[in-house]
Number of protein chains: 2
Amino acid sequence: MNIRTLCLGILQFDDATGYEINKLVADGRFSHFIEASYGSIYPALTKMMQEKLVTCRTEIQPGKPSRKIYAITPAGQEELFRALEDTPRPNRFKSEFLFLGLFANMLPADLMEKAFTHHENELMTLVEDMQDHCNHCDNPGSKFAIGYGIAANKAALEYLRQNKHLLLESDPAEPVSTDVTKEPSHE
Amino acid sequence: MNIRTLCLGILQFDDATGYEINKLVADGRFSHFIEASYGSIYPALTKMMQEKLVTCRTEIQPGKPSRKIYAITPAGQEELFRALEDTPRPNRFKSEFLFLGLFANMLPADLMEKAFTHHENELMTLVEDMQDHCNHCDNPGSKFAIGYGIAANKAALEYLRQNKHLLLESDPAEPVSTDVTKEPSHE
DNA sequence: CTGCTATATATCATATCTATATATAGCGCG
DNA sequence: CGCGCTATATATAGATATGATATATAGCAG
(Lines give C-alpha, C1' and ligand atoms only; values in the text may rest on other atoms or scores of the structure.)
Protein backbone atom coordinates (compact mmCIF):
# COMPACT_ATOMS: atom_id res chain seq x y z
CA MET A 1 0.00 0.00 0.00
CA ASN A 2 1.37 3.37 -0.98
CA ILE A 3 0.64 7.07 -0.91
CA ARG A 4 -1.55 6.80 -3.99
CA THR A 5 -3.87 4.34 -2.29
CA LEU A 6 -3.94 6.47 0.83
CA CYS A 7 -4.97 9.56 -1.14
CA LEU A 8 -7.60 7.66 -3.10
CA GLY A 9 -8.98 6.26 0.14
CA ILE A 10 -9.29 9.70 1.66
CA LEU A 11 -10.92 11.08 -1.48
CA GLN A 12 -13.34 8.16 -1.45
CA PHE A 13 -14.84 9.71 1.68
CA ASP A 14 -14.71 13.33 0.59
CA ASP A 15 -13.14 15.70 -1.91
CA ALA A 16 -10.07 17.44 -0.55
CA THR A 17 -7.08 19.62 -1.33
CA GLY A 18 -3.50 18.44 -0.92
CA TYR A 19 -3.23 20.63 2.12
CA GLU A 20 -6.27 19.02 3.71
CA ILE A 21 -5.04 15.52 2.92
CA ASN A 22 -1.77 16.33 4.62
CA LYS A 23 -3.58 17.56 7.71
CA LEU A 24 -5.73 14.44 7.87
CA VAL A 25 -2.68 12.21 7.60
CA ALA A 26 -0.50 14.19 9.99
CA ASP A 27 -3.04 14.81 12.76
CA GLY A 28 -6.52 13.88 11.78
CA ARG A 29 -8.77 10.94 11.13
CA PHE A 30 -6.29 9.23 8.81
CA SER A 31 -3.18 9.45 10.94
CA HIS A 32 -2.90 5.80 12.02
CA PHE A 33 -2.66 4.02 8.71
CA ILE A 34 0.08 5.04 6.29
CA GLU A 35 2.70 7.74 6.58
CA ALA A 36 2.83 10.60 4.12
CA SER A 37 3.84 14.23 3.82
CA TYR A 38 3.63 17.14 1.39
CA GLY A 39 6.58 15.94 -0.59
CA SER A 40 4.79 12.73 -1.48
CA ILE A 41 1.16 13.85 -1.50
CA TYR A 42 1.38 16.67 -4.05
CA PRO A 43 3.33 14.62 -6.63
CA ALA A 44 0.95 11.68 -6.14
CA LEU A 45 -2.09 13.88 -6.79
CA THR A 46 -0.51 15.46 -9.86
CA LYS A 47 0.35 12.09 -11.31
CA MET A 48 -3.05 10.59 -10.57
CA MET A 49 -4.73 13.52 -12.26
CA GLN A 50 -2.73 12.80 -15.40
CA GLU A 51 -3.87 9.19 -15.16
CA LYS A 52 -7.50 10.28 -14.71
CA LEU A 53 -7.79 8.57 -11.32
CA VAL A 54 -8.77 11.90 -9.80
CA THR A 55 -10.16 15.16 -11.13
CA CYS A 56 -9.32 18.60 -9.94
CA ARG A 57 -11.38 21.76 -9.78
CA THR A 58 -9.70 25.03 -8.90
CA GLU A 59 -11.35 27.38 -6.47
CA ILE A 60 -9.90 30.85 -6.82
CA GLN A 61 -9.51 32.73 -3.57
CA PRO A 62 -8.78 36.42 -3.97
CA GLY A 63 -5.38 37.18 -2.47
CA LYS A 64 -4.72 33.57 -1.42
CA PRO A 65 -3.32 30.61 -3.33
CA SER A 66 -6.11 28.87 -5.22
CA ARG A 67 -7.54 25.74 -3.66
CA LYS A 68 -7.12 22.74 -5.94
CA ILE A 69 -9.88 20.42 -4.84
CA TYR A 70 -9.39 16.83 -5.89
CA ALA A 71 -12.14 14.25 -6.36
CA ILE A 72 -11.91 10.53 -7.07
CA THR A 73 -13.11 9.19 -10.43
CA PRO A 74 -14.66 5.77 -11.18
CA ALA A 75 -11.26 4.68 -12.49
CA GLY A 76 -9.75 5.87 -9.23
CA GLN A 77 -12.26 3.84 -7.26
CA GLU A 78 -11.37 0.79 -9.30
CA GLU A 79 -7.70 1.32 -8.54
CA LEU A 80 -8.48 1.83 -4.85
CA PHE A 81 -10.55 -1.33 -4.44
CA ARG A 82 -8.02 -3.27 -6.47
CA ALA A 83 -5.25 -2.15 -4.13
CA LEU A 84 -7.32 -3.00 -1.06
CA GLU A 85 -7.46 -6.64 -2.18
CA ASP A 86 -3.77 -7.05 -1.44
CA THR A 87 -3.10 -8.46 2.00
CA PRO A 88 -2.31 -5.49 4.23
CA ARG A 89 1.23 -5.35 5.49
CA PRO A 90 1.79 -6.11 9.19
CA ASN A 91 1.32 -3.31 11.71
CA ARG A 92 4.36 -1.17 12.23
CA PHE A 93 5.21 -0.01 15.70
CA LYS A 94 8.39 1.93 16.46
CA SER A 95 9.34 3.63 19.70
CA GLU A 96 12.40 5.77 20.28
CA PHE A 97 11.41 5.92 23.93
CA LEU A 98 11.86 2.16 24.25
CA PHE A 99 15.21 2.45 22.48
CA LEU A 100 16.29 4.95 25.09
CA GLY A 101 15.19 2.47 27.75
CA LEU A 102 17.84 0.01 26.56
CA PHE A 103 20.48 2.31 27.96
CA ALA A 104 18.74 3.15 31.22
CA ASN A 105 21.55 1.88 33.38
CA MET A 106 24.17 3.87 31.45
CA LEU A 107 22.38 7.22 31.52
CA PRO A 108 21.81 9.84 34.24
CA ALA A 109 18.78 9.01 36.37
CA ASP A 110 17.19 12.40 35.85
CA LEU A 111 17.34 12.05 32.08
CA MET A 112 15.50 8.75 32.31
CA GLU A 113 12.93 10.13 34.71
CA LYS A 114 12.28 13.08 32.44
CA ALA A 115 11.85 10.73 29.49
CA PHE A 116 9.42 8.53 31.39
CA THR A 117 7.33 11.49 32.54
CA HIS A 118 7.31 12.91 29.05
CA HIS A 119 6.29 9.63 27.50
CA GLU A 120 3.58 9.03 30.07
CA ASN A 121 2.10 12.44 29.36
CA GLU A 122 2.31 11.78 25.66
CA LEU A 123 0.40 8.52 26.00
CA MET A 124 -2.20 10.13 28.26
CA THR A 125 -2.82 12.98 25.85
CA LEU A 126 -3.02 10.56 22.96
CA VAL A 127 -5.58 8.36 24.67
CA GLU A 128 -7.65 11.36 25.72
CA ASP A 129 -7.61 12.81 22.23
CA MET A 130 -8.61 9.48 20.77
CA GLN A 131 -11.46 9.05 23.21
CA ASP A 132 -12.62 12.53 22.40
CA HIS A 133 -12.36 11.84 18.71
CA CYS A 134 -14.17 8.53 19.09
CA ASN A 135 -17.25 10.26 20.44
CA HIS A 136 -17.50 12.64 17.49
CA CYS A 137 -17.15 9.90 14.93
CA ASP A 138 -19.87 8.10 13.05
CA ASN A 139 -18.01 6.01 10.49
CA PRO A 140 -17.81 2.46 11.86
CA GLY A 141 -14.40 1.82 10.29
CA SER A 142 -12.93 4.93 11.89
CA LYS A 143 -14.56 4.08 15.20
CA PHE A 144 -13.10 0.61 15.08
CA ALA A 145 -9.64 1.95 14.29
CA ILE A 146 -9.73 4.48 17.09
CA GLY A 147 -11.02 1.89 19.52
CA TYR A 148 -8.10 -0.34 18.56
CA GLY A 149 -5.68 2.49 19.20
CA ILE A 150 -7.27 3.35 22.54
CA ALA A 151 -7.11 -0.25 23.69
CA ALA A 152 -3.45 -0.67 22.74
CA ASN A 153 -2.27 2.66 24.12
CA LYS A 154 -4.21 2.33 27.36
CA ALA A 155 -2.54 -1.02 27.89
CA ALA A 156 0.85 0.50 27.13
CA LEU A 157 0.17 3.33 29.57
CA GLU A 158 -0.83 0.95 32.32
CA TYR A 159 2.24 -1.19 31.66
CA LEU A 160 4.39 1.90 31.83
CA ARG A 161 2.99 2.95 35.19
CA GLN A 162 3.30 -0.48 36.71
CA ASN A 163 6.78 -1.24 35.44
CA LYS A 164 8.70 1.98 35.25
CA HIS A 165 10.45 1.12 38.48
CA LEU A 166 12.28 -1.62 36.56
CA LEU A 167 14.29 1.04 34.73
CA LEU A 168 14.18 3.90 37.21
CA GLU A 169 16.15 2.15 39.96
CA SER A 170 14.35 4.33 42.47
CA ASP A 171 12.34 2.42 45.03
CA PRO A 172 14.49 -0.15 46.75
CA ALA A 173 12.27 0.45 49.75
CA GLU A 174 9.95 -2.32 48.63
CA PRO A 175 12.02 -5.24 47.41
CA VAL A 176 9.96 -7.57 45.29
CA SER A 177 11.49 -10.77 46.51
CA THR A 178 13.46 -11.38 49.69
CA ASP A 179 15.05 -14.69 48.80
CA VAL A 180 17.23 -13.50 45.97
CA THR A 181 20.64 -14.99 46.34
CA LYS A 182 22.38 -12.87 43.80
CA GLU A 183 23.65 -9.48 44.85
CA PRO A 184 22.18 -6.87 42.52
CA SER A 185 24.90 -4.35 43.28
CA HIS A 186 26.82 -4.62 40.03
CA GLU A 187 27.39 -1.46 37.97
CA MET B 1 17.15 9.80 16.22
CA ASN B 2 18.51 8.27 13.05
CA ILE B 3 20.14 5.20 11.62
CA ARG B 4 23.54 6.25 12.92
CA THR B 5 22.30 6.34 16.49
CA LEU B 6 20.57 3.00 16.01
CA CYS B 7 23.78 1.37 14.76
CA LEU B 8 25.85 2.91 17.55
CA GLY B 9 23.30 1.67 20.07
CA ILE B 10 23.50 -1.86 18.77
CA LEU B 11 27.29 -1.79 18.70
CA GLN B 12 27.27 -0.50 22.27
CA PHE B 13 25.98 -3.93 23.28
CA ASP B 14 28.13 -6.01 20.97
CA ASP B 15 30.32 -5.82 17.89
CA ALA B 16 28.49 -6.76 14.72
CA THR B 17 28.59 -6.86 10.94
CA GLY B 18 26.21 -4.87 8.77
CA TYR B 19 24.42 -8.07 7.97
CA GLU B 20 23.92 -8.87 11.63
CA ILE B 21 22.71 -5.36 12.39
CA ASN B 22 20.16 -5.68 9.63
CA LYS B 23 18.92 -8.96 11.04
CA LEU B 24 18.59 -7.50 14.53
CA VAL B 25 16.62 -4.53 13.20
CA ALA B 26 14.44 -6.51 10.82
CA ASP B 27 13.52 -9.41 13.11
CA GLY B 28 15.54 -9.48 16.24
CA ARG B 29 16.01 -7.75 19.56
CA PHE B 30 16.16 -4.28 18.01
CA SER B 31 13.12 -4.45 15.78
CA HIS B 32 10.79 -2.18 17.76
CA PHE B 33 12.71 1.05 17.86
CA ILE B 34 13.82 2.61 14.59
CA GLU B 35 13.40 1.39 11.04
CA ALA B 36 16.38 0.62 8.87
CA SER B 37 17.52 -1.57 6.00
CA TYR B 38 20.68 -2.53 4.11
CA GLY B 39 20.57 0.55 1.98
CA SER B 40 20.86 2.79 5.01
CA ILE B 41 22.91 0.61 7.37
CA TYR B 42 25.92 -0.02 5.13
CA PRO B 43 26.39 3.64 4.15
CA ALA B 44 25.97 4.70 7.79
CA LEU B 45 28.67 2.29 8.93
CA THR B 46 31.04 3.36 6.16
CA LYS B 47 30.58 7.00 7.01
CA MET B 48 30.93 6.47 10.75
CA MET B 49 34.16 4.57 10.16
CA GLN B 50 35.55 7.57 8.31
CA GLU B 51 34.53 9.73 11.25
CA LYS B 52 36.20 7.30 13.69
CA LEU B 53 32.96 6.63 15.54
CA VAL B 54 33.38 2.94 14.83
CA THR B 55 36.30 0.70 13.92
CA CYS B 56 36.23 -2.22 11.59
CA ARG B 57 38.18 -5.45 11.54
CA THR B 58 37.92 -7.75 8.59
CA GLU B 59 37.58 -11.46 9.13
CA ILE B 60 38.45 -13.35 5.99
CA GLN B 61 36.33 -16.39 5.31
CA PRO B 62 37.65 -18.66 2.61
CA GLY B 63 35.18 -18.81 -0.24
CA LYS B 64 32.72 -16.40 1.41
CA PRO B 65 32.56 -12.63 1.49
CA SER B 66 34.72 -11.32 4.32
CA ARG B 67 32.97 -10.33 7.51
CA LYS B 68 33.51 -6.68 8.34
CA ILE B 69 33.00 -6.57 12.06
CA TYR B 70 32.30 -3.12 13.43
CA ALA B 71 32.97 -1.96 16.98
CA ILE B 72 32.07 1.29 18.68
CA THR B 73 34.86 3.71 19.70
CA PRO B 74 34.91 6.10 22.68
CA ALA B 75 34.04 8.91 20.23
CA GLY B 76 31.14 6.80 19.02
CA GLN B 77 29.93 6.32 22.59
CA GLU B 78 30.07 10.06 23.12
CA GLU B 79 27.99 10.60 20.00
CA LEU B 80 25.53 7.92 21.09
CA PHE B 81 24.97 9.30 24.57
CA ARG B 82 24.78 12.81 23.16
CA ALA B 83 22.02 11.71 20.78
CA LEU B 84 20.15 9.91 23.56
CA GLU B 85 19.80 13.20 25.41
CA ASP B 86 17.39 14.50 22.79
CA THR B 87 13.77 13.92 23.70
CA PRO B 88 12.70 10.77 21.89
CA ARG B 89 10.13 11.32 19.17
CA PRO B 90 6.60 10.07 19.85
CA ASN B 91 5.79 6.43 19.20
CA ARG B 92 4.80 5.66 15.66
CA PHE B 93 2.03 3.21 14.99
CA LYS B 94 0.72 2.54 11.50
CA SER B 95 -1.70 -0.16 10.42
CA GLU B 96 -2.73 -0.95 6.87
CA PHE B 97 -5.21 -3.42 8.33
CA LEU B 98 -7.07 -0.61 10.07
CA PHE B 99 -7.01 1.39 6.83
CA LEU B 100 -8.69 -1.52 5.11
CA GLY B 101 -11.29 -1.51 7.86
CA LEU B 102 -12.42 1.96 6.82
CA PHE B 103 -13.89 0.43 3.68
CA ALA B 104 -15.44 -2.61 5.32
CA ASN B 105 -18.94 -1.79 4.13
CA MET B 106 -17.77 -1.29 0.53
CA LEU B 107 -15.80 -4.50 0.18
CA PRO B 108 -16.79 -8.16 -0.23
CA ALA B 109 -17.49 -9.82 3.10
CA ASP B 110 -15.09 -12.69 2.46
CA LEU B 111 -12.23 -10.31 1.79
CA MET B 112 -12.82 -8.62 5.13
CA GLU B 113 -13.13 -11.90 6.96
CA LYS B 114 -9.89 -13.14 5.44
CA ALA B 115 -8.18 -9.93 6.47
CA PHE B 116 -9.45 -10.20 10.03
CA THR B 117 -8.37 -13.82 10.36
CA HIS B 118 -4.98 -13.02 8.91
CA HIS B 119 -4.49 -10.06 11.21
CA GLU B 120 -5.60 -12.00 14.26
CA ASN B 121 -3.09 -14.74 13.48
CA GLU B 122 -0.41 -12.15 12.93
CA LEU B 123 -1.05 -10.59 16.34
CA MET B 124 -1.16 -13.97 18.03
CA THR B 125 2.14 -15.06 16.52
CA LEU B 126 3.69 -11.74 17.42
CA VAL B 127 2.61 -11.96 21.06
CA GLU B 128 3.78 -15.56 21.32
CA ASP B 129 7.15 -14.75 19.81
CA MET B 130 7.55 -11.81 22.15
CA GLN B 131 6.65 -13.87 25.20
CA ASP B 132 9.12 -16.49 24.08
CA HIS B 133 11.76 -13.86 23.53
CA CYS B 134 11.04 -12.24 26.88
CA ASN B 135 11.95 -15.41 28.72
CA HIS B 136 15.35 -15.70 27.05
CA CYS B 137 16.25 -12.12 27.73
CA ASP B 138 18.36 -10.75 30.53
CA ASN B 139 18.84 -7.08 29.64
CA PRO B 140 16.33 -5.08 31.70
CA GLY B 141 15.83 -2.50 28.96
CA SER B 142 15.03 -5.16 26.39
CA LYS B 143 12.76 -6.92 28.84
CA PHE B 144 10.91 -3.70 29.52
CA ALA B 145 10.50 -3.00 25.80
CA ILE B 146 9.21 -6.46 25.04
CA GLY B 147 6.84 -6.30 27.99
CA TYR B 148 5.51 -3.02 26.63
CA GLY B 149 4.95 -4.61 23.24
CA ILE B 150 3.27 -7.65 24.71
CA ALA B 151 0.90 -5.51 26.76
CA ALA B 152 -0.10 -3.32 23.83
CA ASN B 153 -0.50 -6.13 21.33
CA LYS B 154 -2.41 -8.36 23.72
CA ALA B 155 -4.84 -5.52 24.29
CA ALA B 156 -5.15 -4.99 20.54
CA LEU B 157 -5.80 -8.70 20.04
CA GLU B 158 -8.46 -8.76 22.68
CA TYR B 159 -10.09 -5.67 21.22
CA LEU B 160 -10.03 -7.29 17.81
CA ARG B 161 -11.75 -10.42 19.05
CA GLN B 162 -14.40 -8.55 20.96
CA ASN B 163 -15.21 -6.00 18.27
CA LYS B 164 -14.70 -7.62 14.91
CA HIS B 165 -18.44 -8.08 14.60
CA LEU B 166 -18.70 -4.29 14.22
CA LEU B 167 -17.08 -4.51 10.78
CA LEU B 168 -18.01 -8.04 9.73
CA GLU B 169 -21.66 -7.16 9.19
CA SER B 170 -22.69 -9.42 11.98
CA ASP B 171 -25.95 -11.01 11.18
CA PRO B 172 -27.01 -11.83 14.66
CA ALA B 173 -30.22 -13.35 13.39
CA GLU B 174 -30.20 -17.13 13.73
CA PRO B 175 -29.34 -18.39 10.26
CA VAL B 176 -29.39 -21.88 8.85
CA SER B 177 -30.07 -23.97 11.89
CA THR B 178 -32.90 -26.42 11.34
CA ASP B 179 -32.63 -27.36 14.92
CA VAL B 180 -34.61 -25.18 17.28
CA THR B 181 -32.89 -26.29 20.44
CA LYS B 182 -31.71 -23.55 22.77
CA GLU B 183 -28.07 -24.53 22.28
CA PRO B 184 -26.12 -21.34 21.59
CA SER B 185 -24.42 -21.56 18.23
CA HIS B 186 -20.71 -21.70 18.36
CA GLU B 187 -17.99 -22.50 15.85
C1' DC C 1 21.06 -31.83 -8.67
C1' DT C 2 17.73 -28.46 -8.29
C1' DG C 3 15.83 -25.17 -5.65
C1' DC C 4 15.65 -22.91 -1.31
C1' DT C 5 17.57 -20.68 2.55
C1' DA C 6 21.34 -18.51 4.91
C1' DT C 7 25.57 -15.82 5.01
C1' DA C 8 27.67 -11.32 3.52
C1' DT C 9 28.69 -6.96 1.07
C1' DA C 10 27.16 -3.49 -1.86
C1' DT C 11 24.56 -0.37 -4.86
C1' DC C 12 20.85 1.61 -8.01
C1' DA C 13 16.37 3.33 -9.05
C1' DT C 14 12.67 4.82 -6.91
C1' DA C 15 10.02 6.63 -3.16
C1' DT C 16 9.70 9.56 0.53
C1' DC C 17 10.81 13.08 4.02
C1' DT C 18 12.45 17.51 5.84
C1' DA C 19 12.82 21.92 5.20
C1' DT C 20 12.06 25.75 2.78
C1' DA C 21 10.08 29.35 -0.57
C1' DT C 22 6.10 32.03 -1.74
C1' DA C 23 1.91 34.68 -0.38
C1' DT C 24 -1.85 36.24 2.48
C1' DA C 25 -5.02 36.61 6.55
C1' DG C 26 -6.12 36.69 11.30
C1' DC C 27 -5.10 36.93 16.15
C1' DG C 28 -3.01 38.23 20.57
C1' DC C 29 0.09 41.24 22.87
C1' DG C 30 2.55 45.18 24.56
C1' DC D 1 -0.12 49.62 15.30
C1' DG D 2 3.35 46.72 14.13
C1' DC D 3 5.57 42.25 15.63
C1' DG D 4 5.58 37.61 15.78
C1' DC D 5 2.91 33.54 15.52
C1' DT D 6 -0.29 30.45 13.50
C1' DA D 7 -3.13 28.94 9.74
C1' DT D 8 -4.18 28.46 4.88
C1' DA D 9 -2.29 26.71 0.37
C1' DT D 10 0.83 25.07 -3.39
C1' DA D 11 5.18 23.50 -4.71
C1' DT D 12 9.90 21.70 -4.95
C1' DA D 13 15.05 20.90 -3.99
C1' DG D 14 18.06 18.23 -1.58
C1' DA D 15 18.82 14.76 1.68
C1' DT D 16 17.61 10.32 3.09
C1' DA D 17 15.71 5.69 2.95
C1' DT D 18 13.57 1.80 0.92
C1' DG D 19 13.10 -2.29 -2.00
C1' DA D 20 15.07 -4.90 -5.18
C1' DT D 21 18.75 -6.79 -7.15
C1' DA D 22 23.71 -8.35 -8.15
C1' DT D 23 27.51 -11.18 -6.64
C1' DA D 24 29.29 -15.45 -4.42
C1' DT D 25 29.29 -19.53 -1.67
C1' DA D 26 27.59 -23.21 1.60
C1' DG D 27 24.29 -26.32 3.43
C1' DC D 28 20.16 -28.80 3.34
C1' DA D 29 15.71 -31.01 1.72
C1' DG D 30 13.38 -33.51 -1.57
# chains A, B, ... in the order shown; residues from 1 in each chain; ligands from 1
call {"tool": "calpha_fit_rmsd", "arguments": {"fixed": "chain B", "moving": "chain A"}}
result
5.9 Å
call {"tool": "interface_residues", "arguments": {"of": "chain D", "to": "chain B", "cutoff": "10 Å", "atoms": "only C-alpha atoms (C1' of nucleotides)", "output": "ChimeraX atom specification"}}
result
/D:16-19,23-26
call {"tool": "interface_residues", "arguments": {"of": "chain C", "to": "chain B", "cutoff": "9 Å", "atoms": "only C-alpha atoms (C1' of nucleotides)", "output": "tab-separated table (two decimals) with all heavy atoms, in the first residue's frame"}}
result
chain	number	residue	atom	x	y	z
C	7	DT	P	21.93	-16.65	8.75
C	7	DT	OP1	22.29	-17.00	10.12
C	7	DT	OP2	21.00	-15.55	8.46
C	7	DT	O5'	23.28	-16.35	7.94
C	7	DT	C5'	24.36	-17.25	8.03
C	7	DT	C4'	25.45	-16.86	7.07
C	7	DT	O4'	24.92	-16.84	5.72
C	7	DT	C3'	26.03	-15.46	7.30
C	7	DT	O3'	27.42	-15.58	7.53
C	7	DT	C2'	25.72	-14.69	6.02
C	7	DT	C1'	25.57	-15.82	5.01
C	7	DT	N1	24.73	-15.49	3.83
C	7	DT	C2	25.32	-15.50	2.59
C	7	DT	O2	26.50	-15.77	2.42
C	7	DT	N3	24.47	-15.20	1.54
C	7	DT	C4	23.14	-14.88	1.62
C	7	DT	O4	22.51	-14.62	0.60
C	7	DT	C5	22.58	-14.87	2.95
C	7	DT	C7	21.14	-14.54	3.14
C	7	DT	C6	23.39	-15.18	3.97
C	8	DA	P	28.19	-14.42	8.26
C	8	DA	OP1	29.59	-14.86	8.41
C	8	DA	OP2	27.42	-14.06	9.46
C	8	DA	O5'	28.10	-13.20	7.23
C	8	DA	C5'	29.23	-12.91	6.39
C	8	DA	C4'	28.91	-11.91	5.31
C	8	DA	O4'	27.93	-12.40	4.39
C	8	DA	C3'	28.34	-10.56	5.71
C	8	DA	O3'	29.43	-9.68	6.02
C	8	DA	C2'	27.59	-10.11	4.45
C	8	DA	C1'	27.67	-11.32	3.52
C	8	DA	N9	26.44	-11.58	2.78
C	8	DA	C8	25.19	-11.86	3.26
C	8	DA	N7	24.27	-12.01	2.34
C	8	DA	C5	24.96	-11.79	1.15
C	8	DA	C6	24.57	-11.79	-0.21
C	8	DA	N6	23.31	-12.02	-0.60
C	8	DA	N1	25.51	-11.53	-1.14
C	8	DA	C2	26.75	-11.30	-0.74
C	8	DA	N3	27.26	-11.27	0.50
C	8	DA	C4	26.30	-11.53	1.40
C	9	DT	P	29.14	-8.08	6.22
C	9	DT	OP1	30.28	-7.59	7.01
C	9	DT	OP2	27.75	-7.85	6.67
C	9	DT	O5'	29.30	-7.54	4.74
C	9	DT	C5'	30.47	-7.87	4.00
C	9	DT	C4'	30.40	-7.30	2.60
C	9	DT	O4'	29.33	-7.92	1.87
C	9	DT	C3'	30.13	-5.79	2.56
C	9	DT	O3'	31.17	-5.15	1.84
C	9	DT	C2'	28.77	-5.67	1.85
C	9	DT	C1'	28.69	-6.96	1.07
C	9	DT	N1	27.29	-7.41	0.82
C	9	DT	C2	26.83	-7.55	-0.47
C	9	DT	O2	27.53	-7.34	-1.44
C	9	DT	N3	25.53	-7.96	-0.59
C	9	DT	C4	24.65	-8.23	0.43
C	9	DT	O4	23.50	-8.59	0.20
C	9	DT	C5	25.18	-8.06	1.76
C	9	DT	C7	24.31	-8.34	2.94
C	9	DT	C6	26.46	-7.67	1.90
C	10	DA	P	31.24	-3.54	1.81
C	10	DA	OP1	32.62	-3.17	1.44
C	10	DA	OP2	30.64	-2.99	3.06
C	10	DA	O5'	30.28	-3.19	0.62
C	10	DA	C5'	30.54	-3.76	-0.67
C	10	DA	C4'	29.43	-3.40	-1.62
C	10	DA	O4'	28.26	-4.19	-1.31
C	10	DA	C3'	28.95	-1.95	-1.55
C	10	DA	O3'	29.46	-1.25	-2.67
C	10	DA	C2'	27.43	-2.02	-1.58
C	10	DA	C1'	27.16	-3.49	-1.86
C	10	DA	N9	25.94	-4.02	-1.23
C	10	DA	C8	25.71	-4.20	0.11
C	10	DA	N7	24.52	-4.70	0.38
C	10	DA	C5	23.94	-4.86	-0.87
C	10	DA	C6	22.68	-5.34	-1.27
C	10	DA	N6	21.76	-5.77	-0.42
C	10	DA	N1	22.41	-5.35	-2.60
C	10	DA	C2	23.34	-4.92	-3.45
C	10	DA	N3	24.56	-4.45	-3.20
C	10	DA	C4	24.80	-4.45	-1.86
C	11	DT	P	29.30	0.33	-2.77
C	11	DT	OP1	30.50	0.84	-3.45
C	11	DT	OP2	28.87	0.91	-1.48
C	11	DT	O5'	28.07	0.45	-3.80
C	11	DT	C5'	28.09	-0.36	-4.97
C	11	DT	C4'	26.74	-0.32	-5.65
C	11	DT	O4'	25.77	-1.09	-4.88
C	11	DT	C3'	26.14	1.09	-5.81
C	11	DT	O3'	25.66	1.20	-7.13
C	11	DT	C2'	25.00	1.08	-4.80
C	11	DT	C1'	24.56	-0.37	-4.86
C	11	DT	N1	23.76	-0.85	-3.69
C	11	DT	C2	22.59	-1.52	-3.93
C	11	DT	O2	22.16	-1.75	-5.05
C	11	DT	N3	21.91	-1.93	-2.79
C	11	DT	C4	22.30	-1.73	-1.48
C	11	DT	O4	21.62	-2.16	-0.56
C	11	DT	C5	23.54	-1.02	-1.31
C	11	DT	C7	24.05	-0.74	0.07
C	11	DT	C6	24.20	-0.61	-2.40
call {"tool": "residues_around", "arguments": {"residues": "Pro90 of chain B", "least_positions_apart": "5", "cutoff": "12 Å", "atoms": "only C-alpha atoms (C1' of nucleotides)", "output": "PyMOL selection string"}}
result
(chain A and resi 93-99+115-116+118-123+125-126) or (chain B and resi 1+33-34)
call {"tool": "closest_atom_pairs", "arguments": {"of": "chain B", "to": "chain A", "cutoff": "8 Å", "atoms": "only C-alpha atoms", "output": "Markdown table"}}
result
| residue | atom | partner | partner_atom | distance |
| --- | --- | --- | --- | --- |
| B:Met1 | CA | A:Glu96 | CA | 7.4 |
| B:Ser31 | CA | A:Lys94 | CA | 8.0 |
| B:His32 | CA | A:Lys94 | CA | 4.9 |
| B:Phe33 | CA | A:Ser95 | CA | 4.6 |
| B:Ile34 | CA | A:Lys94 | CA | 5.8 |
| B:Glu35 | CA | A:Lys94 | CA | 7.4 |
| B:Phe81 | CA | A:Leu107 | CA | 7.7 |
| B:Leu84 | CA | A:Leu100 | CA | 6.5 |
| B:Glu85 | CA | A:Leu111 | CA | 7.2 |
| B:Thr87 | CA | A:Ala115 | CA | 6.9 |
| B:Pro88 | CA | A:Glu96 | CA | 5.3 |
| B:Arg89 | CA | A:Glu96 | CA | 6.1 |
| B:Pro90 | CA | A:Ser95 | CA | 7.0 |
| B:Asn91 | CA | A:Ser95 | CA | 4.6 |
| B:Arg92 | CA | A:Lys94 | CA | 5.2 |
| B:Phe93 | CA | A:Phe93 | CA | 4.6 |
| B:Lys94 | CA | A:Phe33 | CA | 4.6 |
| B:Ser95 | CA | A:Asn91 | CA | 4.6 |
| B:Glu96 | CA | A:Pro88 | CA | 5.3 |
| B:Phe97 | CA | A:Pro88 | CA | 5.4 |
| B:Leu98 | CA | A:Ala145 | CA | 5.6 |
| B:Phe99 | CA | A:Phe33 | CA | 5.4 |
| B:Leu100 | CA | A:Leu84 | CA | 6.5 |
| B:Gly101 | CA | A:Gly141 | CA | 5.2 |
| B:Leu102 | CA | A:Gly141 | CA | 4.0 |
| B:Phe103 | CA | A:Gly141 | CA | 6.8 |
| B:Ala104 | CA | A:Gly141 | CA | 6.7 |
| B:Leu107 | CA | A:Phe81 | CA | 7.7 |
| B:Leu111 | CA | A:Glu85 | CA | 7.2 |
| B:Ala115 | CA | A:Thr87 | CA | 6.9 |
| B:His119 | CA | A:Pro90 | CA | 7.7 |
| B:Glu122 | CA | A:Pro90 | CA | 7.4 |
| B:Asn139 | CA | A:Leu102 | CA | 7.8 |
| B:Pro140 | CA | A:Leu167 | CA | 7.1 |
| B:Gly141 | CA | A:Leu102 | CA | 4.0 |
| B:Ser142 | CA | A:Leu102 | CA | 5.9 |
| B:Phe144 | CA | A:Leu166 | CA | 7.5 |
| B:Ala145 | CA | A:Leu98 | CA | 5.5 |
| B:Gly147 | CA | A:Tyr159 | CA | 7.8 |
| B:Tyr148 | CA | A:Ala156 | CA | 5.9 |
| B:Gly149 | CA | A:Ala156 | CA | 7.6 |
| B:Ala151 | CA | A:Ala155 | CA | 5.8 |
| B:Ala152 | CA | A:Ala152 | CA | 4.4 |
| B:Asn153 | CA | A:Ala152 | CA | 6.4 |
| B:Lys154 | CA | A:Ala152 | CA | 7.8 |
| B:Ala155 | CA | A:Ala152 | CA | 5.3 |
| B:Ala156 | CA | A:Ala152 | CA | 5.1 |
| B:Tyr159 | CA | A:Tyr148 | CA | 6.3 |
| B:Leu160 | CA | A:Tyr148 | CA | 7.3 |
| B:Asn163 | CA | A:Phe144 | CA | 7.6 |
| B:Leu166 | CA | A:Pro140 | CA | 7.2 |
| B:Leu167 | CA | A:Gly141 | CA | 6.9 |
call {"tool": "atom_distance", "arguments": {"atom1": "atom C1' of DT12 of chain D", "atom2": "atom CA of Arg4 of chain A"}}
result
18.8 Å
call {"tool": "closest_residue", "arguments": {"among": "A:Ala109, A:Ile69, A:Cys137, A:Leu24", "to": "Thr46 of chain A", "atoms": "only C-alpha atoms"}}
result
A:Ile69
call {"tool": "select_by_dssp", "arguments": {"residues": "chain A", "states": "strand (DSSP E)", "output": "ChimeraX atom specification"}}
result
/A:54-59,67-72,92-94
